[in-house]
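Data first, discussion second: the structure below is written as structure tokens.
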Amino acid sequence: TQAPAHLKRLVLTGFMGAGKSTIGRLLAARIGWNFLDLDAHLEARTNATIPQLFEQQGEARFRRLESTALASALGYSNIVLALGGGTPEDLTNRLLLEQTPATFTIFLDAPFPTLFDRCMLQDIARPVLEDPAAAQLRFERRHPLYRRMAALTIPTADQTPAQTVEALLLAL
Ligand code: S3P
């Protein structure tokens with residue numbers, strides 16, 4: 001399968017636990033593109049882990065580092081890029097994604113309890129999940145942003161990652 005010829009970047013957005021990294025990796029393999037995870041890109045660039053960055057720099061500074069990592073990531077072609085769950089909260093990031101040519105953004109959608117349960121089964125340190133009530137508020141605040149910034153919304157709650165990839169390829 002090939003990605004549509006006019007596209008150079010497929011971007012996956014959504015909350016933590018949406019499947020951005022899992023689905024992104026499968027999708028990239030399916031179309032023969034590279035996969036790039038924004039969190040991993042940021043960690044490699046700063047030589048620090050996400051929890052370290054939150055702890056040492058605070059969330060505001062973390063977000064600025066995330067923005068520069070995003071600008072760097074969007075310099076690549078033929079990539080599937082998984083954003084961080086909070087990347088779209090920054091207007092600069094949304095504009096950057098919107099204004100980068102040949103870039104198509106997909107929202108992986110699921111209800112908060114599903115996302116939260118998935119995250120609890122994962123062994124990933126996520127500072128933003130330490131307080132579940134606050135995480136739910138973040139989800140509610142972000143949900144309309146995810147929807148609006150994406151050209152396509154794909155529900156993931158009742159599908160395996162492989163099924164989501166097929167649905168996504170059909171809808172592109
Ligand atoms: C965050 C999501 C994380 C990571 C950081 C903050 C958030 O990315 O960027 O822990 O604010 O939702 P994932 O969605 O890849 O877990």
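Order determines the names: the first chain of the structure tokens is A, the second B, and so forth; residues in each chain are numbered 1 upward, and ligands are numbered 1 upward as they are shown.
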Near Thr68 of chain A, counting only C-alpha atoms, which residues have an atom at most 10 Å away, once you skip same-chain residues fewer than 6 positions from it, shown as number ranges by chain? A: 42, 45, 93
Put those residues in a file: C-alpha atoms, as an mmCIF file, in the first residue's frame.
data_model
loop_
_atom_site.group_PDB
_atom_site.id
_atom_site.type_symbol
_atom_site.label_atom_id
_atom_site.label_comp_id
_atom_site.auth_asym_id
_atom_site.auth_seq_id
_atom_site.Cartn_x
_atom_site.Cartn_y
_atom_site.Cartn_z
ATOM 1 C CA LEU A 42 12.497 15.256 22.213
ATOM 2 C CA ARG A 45 17.471 15.966 21.447
ATOM 3 C CA ASN A 93 2.104 23.879 17.293
#
Using only C-alpha atoms, which protein or nucleic acid residues come within 8 Å of segment 124-129 of chain A? Drop anything in the same chain fewer than 2 positions from it, and give the result as a PDB file with C-alpha atoms, in the first residue's frame.
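Final file, part15.pdb:
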ATOM      1  CA  ILE A  50      10.045  13.151  29.715  1.00  0.00           C
ATOM      2  CA  PRO A  51       9.648  12.828  33.533  1.00  0.00           C
ATOM      3  CA  PHE A  54       8.887  17.868  33.622  1.00  0.00           C
ATOM      4  CA  CYS A 119      -2.441   3.844  30.127  1.00  0.00           C
ATOM      5  CA  GLN A 122       1.363   0.426  30.079  1.00  0.00           C
ATOM      6  CA  ASP A 131      -3.737  13.049  39.129  1.00  0.00           C
ATOM      7  CA  PRO A 132      -6.610  11.235  37.328  1.00  0.00           C
ATOM      8  CA  ALA A 134      -6.795  16.606  36.452  1.00  0.00           C
ATOM      9  CA  ALA A 135      -6.063  14.258  33.532  1.00  0.00           C
TER      10      ALA A 135
END
List every residue of chain A that has an atom at most 10 Å from any atom of ligand 1, and for each one report the closest atom pair and its distance in Å to one decimal, counting only C-alpha atoms and all ligand atoms, with rows sorted by chain and then by increasing residue number, as JSON lines.
{"residue": "A:Thr13", "atom": "CA", "partner": "ligand 1", "partner_atom_place_in_ligand_line": "14 (O)", "distance": 8.2}
{"residue": "A:Gly14", "atom": "CA", "partner": "ligand 1", "partner_atom_place_in_ligand_line": "14 (O)", "distance": 7.0}
{"residue": "A:Phe15", "atom": "CA", "partner": "ligand 1", "partner_atom_place_in_ligand_line": "14 (O)", "distance": 5.4}
{"residue": "A:Met16", "atom": "CA", "partner": "ligand 1", "partner_atom_place_in_ligand_line": "14 (O)", "distance": 3.6}
{"residue": "A:Gly17", "atom": "CA", "partner": "ligand 1", "partner_atom_place_in_ligand_line": "14 (O)", "distance": 6.6}
{"residue": "A:Ala18", "atom": "CA", "partner": "ligand 1", "partner_atom_place_in_ligand_line": "14 (O)", "distance": 7.5}
{"residue": "A:Gly19", "atom": "CA", "partner": "ligand 1", "partner_atom_place_in_ligand_line": "15 (O)", "distance": 8.4}
{"residue": "A:Lys20", "atom": "CA", "partner": "ligand 1", "partner_atom_place_in_ligand_line": "15 (O)", "distance": 6.9}
{"residue": "A:Ser21", "atom": "CA", "partner": "ligand 1", "partner_atom_place_in_ligand_line": "15 (O)", "distance": 6.9}
{"residue": "A:Asp37", "atom": "CA", "partner": "ligand 1", "partner_atom_place_in_ligand_line": "15 (O)", "distance": 7.7}
{"residue": "A:Leu38", "atom": "CA", "partner": "ligand 1", "partner_atom_place_in_ligand_line": "15 (O)", "distance": 7.6}
{"residue": "A:Asp39", "atom": "CA", "partner": "ligand 1", "partner_atom_place_in_ligand_line": "9 (O)", "distance": 5.4}
{"residue": "A:Ala40", "atom": "CA", "partner": "ligand 1", "partner_atom_place_in_ligand_line": "15 (O)", "distance": 8.9}
{"residue": "A:Leu42", "atom": "CA", "partner": "ligand 1", "partner_atom_place_in_ligand_line": "9 (O)", "distance": 9.0}
{"residue": "A:Thr49", "atom": "CA", "partner": "ligand 1", "partner_atom_place_in_ligand_line": "10 (O)", "distance": 9.5}
{"residue": "A:Ile50", "atom": "CA", "partner": "ligand 1", "partner_atom_place_in_ligand_line": "10 (O)", "distance": 5.9}
{"residue": "A:Pro51", "atom": "CA", "partner": "ligand 1", "partner_atom_place_in_ligand_line": "10 (O)", "distance": 7.0}
{"residue": "A:Leu53", "atom": "CA", "partner": "ligand 1", "partner_atom_place_in_ligand_line": "5 (C)", "distance": 9.4}
{"residue": "A:Phe54", "atom": "CA", "partner": "ligand 1", "partner_atom_place_in_ligand_line": "10 (O)", "distance": 8.1}
{"residue": "A:Glu59", "atom": "CA", "partner": "ligand 1", "partner_atom_place_in_ligand_line": "6 (C)", "distance": 8.5}
{"residue": "A:Phe62", "atom": "CA", "partner": "ligand 1", "partner_atom_place_in_ligand_line": "6 (C)", "distance": 8.7}
{"residue": "A:Arg63", "atom": "CA", "partner": "ligand 1", "partner_atom_place_in_ligand_line": "6 (C)", "distance": 8.7}
{"residue": "A:Glu66", "atom": "CA", "partner": "ligand 1", "partner_atom_place_in_ligand_line": "9 (O)", "distance": 7.9}
{"residue": "A:Ala82", "atom": "CA", "partner": "ligand 1", "partner_atom_place_in_ligand_line": "15 (O)", "distance": 7.2}
{"residue": "A:Leu83", "atom": "CA", "partner": "ligand 1", "partner_atom_place_in_ligand_line": "15 (O)", "distance": 6.4}
{"residue": "A:Gly84", "atom": "CA", "partner": "ligand 1", "partner_atom_place_in_ligand_line": "8 (O)", "distance": 3.6}
{"residue": "A:Gly85", "atom": "CA", "partner": "ligand 1", "partner_atom_place_in_ligand_line": "14 (O)", "distance": 3.4}
{"residue": "A:Gly86", "atom": "CA", "partner": "ligand 1", "partner_atom_place_in_ligand_line": "11 (O)", "distance": 3.7}
{"residue": "A:Thr87", "atom": "CA", "partner": "ligand 1", "partner_atom_place_in_ligand_line": "9 (O)", "distance": 7.0}
{"residue": "A:Pro88", "atom": "CA", "partner": "ligand 1", "partner_atom_place_in_ligand_line": "11 (O)", "distance": 9.3}
{"residue": "A:Glu89", "atom": "CA", "partner": "ligand 1", "partner_atom_place_in_ligand_line": "11 (O)", "distance": 8.5}
{"residue": "A:Cys119", "atom": "CA", "partner": "ligand 1", "partner_atom_place_in_ligand_line": "16 (O)", "distance": 8.3}
{"residue": "A:Ile124", "atom": "CA", "partner": "ligand 1", "partner_atom_place_in_ligand_line": "16 (O)", "distance": 7.6}
{"residue": "A:Ala125", "atom": "CA", "partner": "ligand 1", "partner_atom_place_in_ligand_line": "10 (O)", "distance": 7.2}
{"residue": "A:Arg126", "atom": "CA", "partner": "ligand 1", "partner_atom_place_in_ligand_line": "10 (O)", "distance": 4.4}
{"residue": "A:Pro127", "atom": "CA", "partner": "ligand 1", "partner_atom_place_in_ligand_line": "10 (O)", "distance": 5.6}
{"residue": "A:Val128", "atom": "CA", "partner": "ligand 1", "partner_atom_place_in_ligand_line": "11 (O)", "distance": 5.6}
{"residue": "A:Leu129", "atom": "CA", "partner": "ligand 1", "partner_atom_place_in_ligand_line": "12 (O)", "distance": 8.0}
{"residue": "A:Ala135", "atom": "CA", "partner": "ligand 1", "partner_atom_place_in_ligand_line": "12 (O)", "distance": 8.2}
{"residue": "A:Arg138", "atom": "CA", "partner": "ligand 1", "partner_atom_place_in_ligand_line": "12 (O)", "distance": 7.8}
{"residue": "A:Phe139", "atom": "CA", "partner": "ligand 1", "partner_atom_place_in_ligand_line": "12 (O)", "distance": 8.3}
{"residue": "A:Arg142", "atom": "CA", "partner": "ligand 1", "partner_atom_place_in_ligand_line": "12 (O)", "distance": 9.2}
What's the separation between atom CA of Gly24 of chain A and atom CA of Phe112 of chain A, in Å to one decimal place?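 Between these atoms lies a distance of 20.3 Å.
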From a DSSP calculation on the backbone, collect every residue of segment 57-127 of chain A in strand (DSSP E) and output the set as a PDB file with C-alpha atoms, in the first residue's frame.
ATOM      1  CA  ILE A  79       7.259   9.984   7.955  1.00  0.00           C
ATOM      2  CA  VAL A  80       4.456   8.952  10.233  1.00  0.00           C
ATOM      3  CA  LEU A  81       4.764  11.267  13.233  1.00  0.00           C
ATOM      4  CA  ALA A  82       3.136  10.483  16.592  1.00  0.00           C
ATOM      5  CA  THR A 103       0.982  17.154   6.055  1.00  0.00           C
ATOM      6  CA  PHE A 104      -2.189  15.278   7.011  1.00  0.00           C
ATOM      7  CA  THR A 105      -3.318  14.990  10.627  1.00  0.00           C
ATOM      8  CA  ILE A 106      -5.396  12.112  11.979  1.00  0.00           C
ATOM      9  CA  PHE A 107      -7.142  12.113  15.368  1.00  0.00           C
ATOM     10  CA  LEU A 108      -7.270   8.737  17.142  1.00  0.00           C
ATOM     11  CA  ASP A 109     -10.368   9.046  19.298  1.00  0.00           C
TER      12      ASP A 109
END
Using only C-alpha atoms, determine which residues lie at most 6 Å from segment 157-166 of chain A, disregarding the query and same-chain residues fewer than 5 positions distant; provide the list as number ranges by chain. A: 23, 27, 110
